[in-house]
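Colleague: The structure under discussion is supplied below as structure tokens; questions concerning it will follow.
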Amino acid sequence: MTQRQGEWSLVGDGTRQRVRESIVPLARAISAAGLSADALTVGGFLVSLAAALVAASGAWLAAGVVVVVGSLFDLFDGAVARVRGSVSPFGGFLDSTFDRLAEAAVYVGLVVGLLGPAAGAISFPTAFGLDPAETVAVLAAIALAGSLMVSYTRARAQGIGLDAAVGVAPRPERIAIVAVGLILQPFASWALGAALSFIVVLTFVTIAQRVRHVRRLAGGSG
């Protein structure tokens with residue numbers, strides 16, 4: 001773990017910057033092919049919808065692969081905007097909106113899949129009288145709520161003129177953890193439950209980090 005703006009994060013700013021620099025040549029090639037950043041944003045959203053549908057069918061490995069493909073669209077839309085010189089407030093708004101919708105769709109797909117025919121392949125500690133698949137489905141719902149709140153805290157901070165882009169689990173990290181859990185699930189029946197548990201913990205830690213960070217910047221609450 002590294003520190004980012006005084007708060008712990010899984011991926012540091014230096015690593016993020018190196019990734020951004022490494023994809024510039026490919027972003028230029030994508031731009032030369034005629035694809036705009038907004039097209040990539042919409043394309044990534046559609047791929048994420050496909051991932052949600054695959055997850056809803058219980059095809060965990062395939063869903064994980066499609067989630068990874070969708071994340072590549074998200075990786076390159078901002079890079080293409082920068083190399084084209086087309087970074088705009090609307091582009092950022094569109095990207096954030098479709099990112100939230102895409103992530104929500106994947107979690108909903110997970111809940112449907114966990115409550116469907118693939119439920120018998122899930123093993124996980126149970127709680128509140130639920131079976132393993134139902135327990136993991138509840139974790140997916142909590143992870144969705146936590147993920148939306150992570151995004152909300154940053155958006156609300158921006159609304160009062162502050163930057164709250166801190167914390168251990170912003171969207172790229174959450175998507176990576178979901179993808180790993182899905183890909184490993186056919187080989188380890190507890191993997192998806194473990195991944196979602198990890199996301200639940202990290203999202204609420206991130207919310208706390210952002211609240212503390214904004215409180216520090218704003219000078220407390222009176």
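Identifiers in this document derive from the order of the structure tokens: chains are assigned A, B, ..., residues are numbered from 1 separately in each chain, and ligands are numbered from 1 in order of occurrence.
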Which residues come within 10 Å of range 48-62 of chain A, counting only C-alpha atoms, excluding same-chain residues fewer than 3 positions away, as a PyMOL selection string?
Modeller: chain A and resi 42-45+65-71+73+98-99+101-119+121+179-187+192
Colleague: Take the residues from that selection and put them in a file with N, CA and C atoms, as a CSV table (one decimal), in the first residue's frame.
Modeller:
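Generated output (part-v1.csv):
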```
chain,number,residue,atom,x,y,z
A,42,VAL,N,-18.9,5.1,-24.1
A,42,VAL,CA,-20.1,4.4,-24.4
A,42,VAL,C,-19.9,2.9,-24.7
A,43,GLY,N,-18.8,2.6,-25.4
A,43,GLY,CA,-18.4,1.2,-25.7
A,43,GLY,C,-18.1,0.5,-24.4
A,44,GLY,N,-17.4,1.1,-23.5
A,44,GLY,CA,-17.1,0.4,-22.2
A,44,GLY,C,-18.3,0.1,-21.4
A,45,PHE,N,-19.3,1.1,-21.5
A,45,PHE,CA,-20.5,0.8,-20.8
A,45,PHE,C,-21.3,-0.4,-21.4
A,65,VAL,N,-13.7,-12.2,-17.6
A,65,VAL,CA,-12.9,-11.8,-18.8
A,65,VAL,C,-13.6,-10.5,-19.4
A,66,VAL,N,-14.9,-10.5,-19.5
A,66,VAL,CA,-15.6,-9.4,-20.1
A,66,VAL,C,-15.5,-8.2,-19.3
A,67,VAL,N,-15.5,-8.3,-17.9
A,67,VAL,CA,-15.2,-7.2,-17.0
A,67,VAL,C,-13.8,-6.6,-17.3
A,68,VAL,N,-12.8,-7.4,-17.5
A,68,VAL,CA,-11.5,-6.9,-17.8
A,68,VAL,C,-11.5,-6.2,-19.1
A,69,VAL,N,-12.2,-6.7,-20.2
A,69,VAL,CA,-12.3,-6.0,-21.5
A,69,VAL,C,-12.9,-4.6,-21.3
A,70,GLY,N,-14.0,-4.6,-20.5
A,70,GLY,CA,-14.7,-3.3,-20.3
A,70,GLY,C,-13.8,-2.3,-19.6
A,71,SER,N,-12.9,-2.8,-18.6
A,71,SER,CA,-12.0,-1.9,-17.9
A,71,SER,C,-11.0,-1.3,-18.8
A,73,PHE,N,-11.6,-0.3,-21.9
A,73,PHE,CA,-12.2,0.9,-22.5
A,73,PHE,C,-12.1,2.1,-21.5
A,98,PHE,N,-21.4,7.1,-16.9
A,98,PHE,CA,-21.4,5.7,-17.4
A,98,PHE,C,-20.6,4.8,-16.6
A,99,ASP,N,-19.6,5.2,-15.9
A,99,ASP,CA,-18.8,4.4,-15.0
A,99,ASP,C,-19.7,3.9,-13.9
A,101,LEU,N,-23.0,3.7,-13.8
A,101,LEU,CA,-24.0,2.8,-14.3
A,101,LEU,C,-23.4,1.4,-14.6
A,102,ALA,N,-22.2,1.4,-15.2
A,102,ALA,CA,-21.6,0.1,-15.6
A,102,ALA,C,-21.3,-0.7,-14.3
A,103,GLU,N,-20.7,0.0,-13.3
A,103,GLU,CA,-20.4,-0.8,-12.1
A,103,GLU,C,-21.7,-1.3,-11.4
A,104,ALA,N,-22.7,-0.5,-11.4
A,104,ALA,CA,-24.0,-0.9,-10.8
A,104,ALA,C,-24.5,-2.1,-11.5
A,105,ALA,N,-24.4,-2.1,-12.9
A,105,ALA,CA,-25.0,-3.2,-13.7
A,105,ALA,C,-24.2,-4.5,-13.4
A,106,VAL,N,-22.9,-4.4,-13.2
A,106,VAL,CA,-22.2,-5.7,-12.9
A,106,VAL,C,-22.6,-6.2,-11.6
A,107,TYR,N,-22.8,-5.4,-10.6
A,107,TYR,CA,-23.2,-5.9,-9.3
A,107,TYR,C,-24.6,-6.5,-9.3
A,108,VAL,N,-25.5,-5.9,-10.1
A,108,VAL,CA,-26.8,-6.4,-10.2
A,108,VAL,C,-26.8,-7.8,-10.9
A,109,GLY,N,-25.9,-7.9,-12.0
A,109,GLY,CA,-25.7,-9.1,-12.6
A,109,GLY,C,-25.2,-10.2,-11.7
A,110,LEU,N,-24.3,-9.8,-10.8
A,110,LEU,CA,-23.8,-10.8,-9.8
A,110,LEU,C,-24.9,-11.3,-8.9
A,111,VAL,N,-25.8,-10.4,-8.4
A,111,VAL,CA,-26.9,-10.8,-7.5
A,111,VAL,C,-27.8,-11.8,-8.2
A,112,VAL,N,-28.1,-11.5,-9.5
A,112,VAL,CA,-29.0,-12.4,-10.3
A,112,VAL,C,-28.4,-13.7,-10.4
A,113,GLY,N,-27.1,-13.7,-10.8
A,113,GLY,CA,-26.4,-15.0,-11.0
A,113,GLY,C,-26.2,-15.8,-9.7
A,114,LEU,N,-26.0,-15.1,-8.6
A,114,LEU,CA,-25.9,-15.8,-7.3
A,114,LEU,C,-27.2,-16.4,-6.8
A,115,LEU,N,-28.3,-15.8,-7.3
A,115,LEU,CA,-29.6,-16.3,-6.9
A,115,LEU,C,-30.2,-17.3,-7.9
A,116,GLY,N,-29.4,-17.6,-9.0
A,116,GLY,CA,-29.9,-18.4,-10.1
A,116,GLY,C,-29.3,-19.8,-10.0
A,117,PRO,N,-29.3,-20.5,-11.2
A,117,PRO,CA,-28.9,-21.9,-11.2
A,117,PRO,C,-27.5,-22.1,-10.8
A,118,ALA,N,-26.6,-21.1,-10.8
A,118,ALA,CA,-25.2,-21.3,-10.4
A,118,ALA,C,-25.0,-21.3,-8.9
A,119,ALA,N,-26.1,-21.0,-8.2
A,119,ALA,CA,-25.9,-20.8,-6.7
A,119,ALA,C,-25.3,-22.0,-6.0
A,121,ALA,N,-22.9,-23.8,-6.8
A,121,ALA,CA,-21.4,-23.9,-6.9
A,121,ALA,C,-20.7,-22.9,-6.0
A,179,ALA,N,-13.1,-8.6,-10.9
A,179,ALA,CA,-12.6,-9.4,-12.1
A,179,ALA,C,-11.8,-10.6,-11.6
A,180,VAL,N,-10.9,-10.4,-10.6
A,180,VAL,CA,-10.1,-11.5,-10.1
A,180,VAL,C,-11.1,-12.5,-9.4
A,181,GLY,N,-12.0,-12.1,-8.6
A,181,GLY,CA,-12.9,-13.0,-8.0
A,181,GLY,C,-13.7,-13.8,-8.9
A,182,LEU,N,-14.2,-13.2,-10.0
A,182,LEU,CA,-15.0,-13.9,-11.0
A,182,LEU,C,-14.1,-14.9,-11.8
A,183,ILE,N,-12.9,-14.5,-12.1
A,183,ILE,CA,-12.0,-15.4,-12.9
A,183,ILE,C,-11.6,-16.6,-12.0
A,184,LEU,N,-11.4,-16.4,-10.7
A,184,LEU,CA,-11.0,-17.5,-9.9
A,184,LEU,C,-12.2,-18.4,-9.4
A,185,GLN,N,-13.4,-17.9,-9.5
A,185,GLN,CA,-14.5,-18.6,-8.9
A,185,GLN,C,-14.7,-20.0,-9.4
A,186,PRO,N,-14.5,-20.3,-10.7
A,186,PRO,CA,-14.7,-21.7,-11.1
A,186,PRO,C,-13.7,-22.6,-10.6
A,187,PHE,N,-12.5,-22.1,-10.1
A,187,PHE,CA,-11.5,-22.9,-9.5
A,187,PHE,C,-11.4,-22.9,-8.0
A,192,LEU,N,-15.4,-15.6,-5.2
A,192,LEU,CA,-16.2,-14.4,-5.4
A,192,LEU,C,-16.7,-13.8,-4.1
```
Colleague: Out of A:Leu94, A:Val214, A:Leu72, A:Val205, which residue has the shortest atom-to-atom distance to Leu162 in chain A when counting only C-alpha atoms?
Modeller: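 Smallest separation from Leu162 in chain A among the options: A:Val214.
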Colleague: Arg82 in chain A: which residues within 9 Å, counting only C-alpha atoms, same-chain residues fewer than 3 positions away excluded, as an NGL selection string?
Modeller: :A and (24 or 27 or 37 or 77-79 or 85-87)
Colleague: If you run DSSP on the backbone here, which positions in range 2-95 of chain A get strand (DSSP E or B)? Please write them as a short mmCIF file (atom, residue, chain, number, x, y, z; two decimals) with N, CA and C atoms, in the first residue's frame.
Modeller:
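Heads up, here's the output in result-v2.cif:
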```
data_model
loop_
_atom_site.label_atom_id
_atom_site.label_comp_id
_atom_site.auth_asym_id
_atom_site.auth_seq_id
_atom_site.Cartn_x
_atom_site.Cartn_y
_atom_site.Cartn_z
N THR A 2 0.34 2.32 -0.58
CA THR A 2 1.06 3.58 -0.63
C THR A 2 0.17 4.70 -0.10
N GLN A 3 0.77 5.86 0.11
CA GLN A 3 0.00 7.00 0.56
C GLN A 3 -0.29 7.92 -0.61
N ARG A 4 -1.52 8.41 -0.64
CA ARG A 4 -1.95 9.32 -1.69
C ARG A 4 -2.67 10.50 -1.03
N GLU A 7 -3.46 9.89 2.49
CA GLU A 7 -4.31 8.75 2.83
C GLU A 7 -3.77 7.49 2.15
N TRP A 8 -3.92 6.35 2.81
CA TRP A 8 -3.43 5.10 2.25
C TRP A 8 -4.24 4.69 1.03
N SER A 9 -3.55 4.16 0.02
CA SER A 9 -4.21 3.67 -1.19
C SER A 9 -3.49 2.41 -1.66
#
```
Colleague: Hey, what's within 10 Å of Leu202 in chain A if we count only C-alpha atoms and toss same-chain stuff fewer than 6 positions away? As a list in words, please?
Modeller: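 After dropping sequence-adjacent residues, the list is Ser9, Leu10, Ala143, Gly146, Ser147, Val150, Gly167, Val168, Ala169, Pro170, Glu173, Arg174, Leu196 and Ala208 of chain A.
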Colleague: Save out the residues we just selected, C-alpha atoms, as a PDB file, in the first residue's frame.
Modeller:
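And here is the file that came out, selection-v2.pdb:
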```pdb
ATOM      1  CA  SER A   9      -4.211   3.665  -1.194  1.00  0.00           C
ATOM      2  CA  LEU A  10      -3.606   0.368  -2.970  1.00  0.00           C
ATOM      3  CA  ALA A 143     -20.606  -3.640  -2.231  1.00  0.00           C
ATOM      4  CA  GLY A 146     -20.574   1.184  -0.751  1.00  0.00           C
ATOM      5  CA  SER A 147     -19.232   1.784  -4.261  1.00  0.00           C
ATOM      6  CA  VAL A 150     -17.451   6.220  -2.529  1.00  0.00           C
ATOM      7  CA  GLY A 167      -8.729   6.281  -0.434  1.00  0.00           C
ATOM      8  CA  VAL A 168      -7.828   2.629  -0.776  1.00  0.00           C
ATOM      9  CA  ALA A 169     -10.567   1.599  -3.202  1.00  0.00           C
ATOM     10  CA  PRO A 170     -11.501   3.944  -6.065  1.00  0.00           C
ATOM     11  CA  GLU A 173      -9.253  -1.126  -7.809  1.00  0.00           C
ATOM     12  CA  ARG A 174     -12.805  -2.329  -7.138  1.00  0.00           C
ATOM     13  CA  LEU A 196     -16.860  -9.072  -2.525  1.00  0.00           C
ATOM     14  CA  ALA A 208     -14.202   7.101   6.061  1.00  0.00           C
TER      15      ALA A 208
END
```
Colleague: If you run DSSP on the backbone, which residues of range 5-171 of chain A are alpha helix (DSSP H), as a compact mmCIF listing (two decimals) with C-alpha atoms, in the first residue's frame?
Modeller:
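As a result, out-v5.txt now contains:
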```txt
# COMPACT_ATOMS: atom_id res chain seq x y z
CA ASP A 13 0.03 8.29 -7.82
CA GLY A 14 3.44 7.41 -9.27
CA THR A 15 2.17 4.05 -10.52
CA ARG A 16 -0.93 5.67 -11.99
CA GLN A 17 1.20 8.22 -13.79
CA ARG A 18 3.48 5.52 -15.24
CA VAL A 19 0.45 3.61 -16.52
CA ARG A 20 -0.96 6.77 -18.11
CA GLU A 21 2.36 7.45 -19.84
CA SER A 22 2.77 3.86 -21.04
CA VAL A 24 -0.10 7.07 -24.74
CA PRO A 25 1.24 5.41 -27.94
CA LEU A 26 -1.73 3.05 -28.10
CA ALA A 27 -4.11 5.91 -27.31
CA ARG A 28 -2.67 7.79 -30.29
CA ALA A 29 -3.26 4.73 -32.48
CA ILE A 30 -6.85 4.44 -31.27
CA SER A 31 -7.41 8.13 -31.94
CA ALA A 32 -5.89 7.78 -35.43
CA ALA A 37 -13.09 9.32 -26.09
CA ASP A 38 -16.89 9.51 -25.84
CA ALA A 39 -17.22 6.51 -28.16
CA LEU A 40 -14.89 4.53 -25.92
CA THR A 41 -16.89 5.60 -22.85
CA VAL A 42 -20.13 4.38 -24.39
CA GLY A 43 -18.43 1.24 -25.69
CA GLY A 44 -17.07 0.43 -22.25
CA PHE A 45 -20.54 0.84 -20.78
CA LEU A 46 -22.01 -1.57 -23.33
CA VAL A 47 -19.27 -4.11 -22.61
CA SER A 48 -20.02 -3.82 -18.90
CA LEU A 49 -23.71 -4.47 -19.61
CA ALA A 50 -22.62 -7.59 -21.47
CA ALA A 51 -20.53 -8.59 -18.44
CA ALA A 52 -23.58 -8.13 -16.22
CA LEU A 53 -25.66 -10.38 -18.48
CA VAL A 54 -22.96 -13.04 -18.50
CA ALA A 55 -22.67 -12.85 -14.71
CA ALA A 56 -26.43 -13.16 -14.41
CA TRP A 60 -18.27 -16.56 -13.77
CA LEU A 61 -15.03 -16.98 -15.72
CA ALA A 62 -16.50 -15.48 -18.90
CA ALA A 63 -17.99 -12.62 -16.90
CA GLY A 64 -14.60 -11.88 -15.38
CA VAL A 65 -12.94 -11.77 -18.79
CA VAL A 66 -15.63 -9.40 -20.12
CA VAL A 67 -15.21 -7.17 -17.04
CA VAL A 68 -11.49 -6.94 -17.84
CA VAL A 69 -12.28 -5.98 -21.46
CA GLY A 70 -14.68 -3.28 -20.27
CA SER A 71 -12.04 -1.89 -17.92
CA LEU A 72 -9.68 -1.44 -20.88
CA PHE A 73 -12.21 0.90 -22.50
CA ASP A 74 -12.30 2.88 -19.27
CA LEU A 75 -8.50 2.98 -19.20
CA PHE A 76 -8.22 4.43 -22.69
CA ASP A 77 -11.10 6.91 -22.94
CA GLY A 78 -9.32 9.54 -20.86
CA ALA A 79 -6.01 8.88 -22.62
CA VAL A 80 -7.60 9.33 -26.04
CA ALA A 81 -9.22 12.58 -24.88
CA ARG A 82 -5.83 13.88 -23.77
CA VAL A 83 -3.97 12.99 -26.97
CA ARG A 84 -6.79 14.50 -29.05
CA PRO A 89 -16.29 19.04 -18.67
CA PHE A 90 -18.99 17.13 -20.54
CA GLY A 91 -16.60 14.31 -21.37
CA GLY A 92 -15.69 13.96 -17.71
CA PHE A 93 -19.34 14.06 -16.73
CA LEU A 94 -20.27 11.43 -19.32
CA ASP A 95 -17.40 9.19 -18.23
CA SER A 96 -18.32 9.39 -14.55
CA THR A 97 -22.01 8.78 -15.25
CA PHE A 98 -21.45 5.72 -17.42
CA ASP A 99 -18.80 4.39 -14.99
CA ARG A 100 -21.37 4.43 -12.17
CA LEU A 101 -24.02 2.78 -14.34
CA ALA A 102 -21.59 0.14 -15.57
CA GLU A 103 -20.40 -0.78 -12.09
CA ALA A 104 -23.97 -0.94 -10.79
CA ALA A 105 -24.97 -3.20 -13.68
CA VAL A 106 -22.17 -5.65 -12.91
CA TYR A 107 -23.19 -5.91 -9.25
CA VAL A 108 -26.84 -6.43 -10.20
CA GLY A 109 -25.75 -9.13 -12.63
CA LEU A 110 -23.80 -10.78 -9.82
CA VAL A 111 -26.85 -10.78 -7.54
CA VAL A 112 -29.01 -12.35 -10.26
CA GLY A 113 -26.36 -14.97 -11.00
CA LEU A 114 -25.86 -15.78 -7.34
CA PRO A 132 -23.87 -19.45 0.89
CA ALA A 133 -25.05 -18.01 -2.43
CA GLU A 134 -27.60 -15.74 -0.74
CA THR A 135 -24.93 -14.52 1.68
CA VAL A 136 -22.61 -13.64 -1.19
CA ALA A 137 -25.53 -11.94 -3.01
CA VAL A 138 -26.05 -9.73 0.06
CA LEU A 139 -22.34 -8.90 -0.02
CA ALA A 140 -22.72 -7.88 -3.68
CA ALA A 141 -25.61 -5.58 -2.77
CA ILE A 142 -23.61 -4.01 0.08
CA ALA A 143 -20.61 -3.64 -2.23
CA LEU A 144 -22.83 -1.80 -4.72
CA ALA A 145 -24.09 0.56 -2.02
CA GLY A 146 -20.57 1.18 -0.75
CA SER A 147 -19.23 1.78 -4.26
CA LEU A 148 -21.93 4.35 -5.00
CA MET A 149 -21.18 6.11 -1.70
CA VAL A 150 -17.45 6.22 -2.53
CA SER A 151 -18.35 8.05 -5.75
CA TYR A 152 -20.87 10.27 -3.98
CA THR A 153 -18.38 11.45 -1.37
CA ARG A 154 -16.00 12.62 -4.08
CA ALA A 155 -18.78 14.28 -6.09
CA ARG A 156 -20.16 16.02 -3.01
CA ALA A 157 -16.68 17.26 -2.10
CA GLN A 158 -16.24 18.65 -5.60
CA GLY A 159 -19.58 20.41 -5.17
CA ARG A 171 -13.30 2.36 -9.01
```
Colleague: Mind giving me the straight-line distance from CA of Asp163 in chain A to CA of Gln209 in chain A in Å, one decimal?
Modeller: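 Value for the CA of Asp163 in chain A-CA of Gln209 in chain A distance: 12.4 Å.
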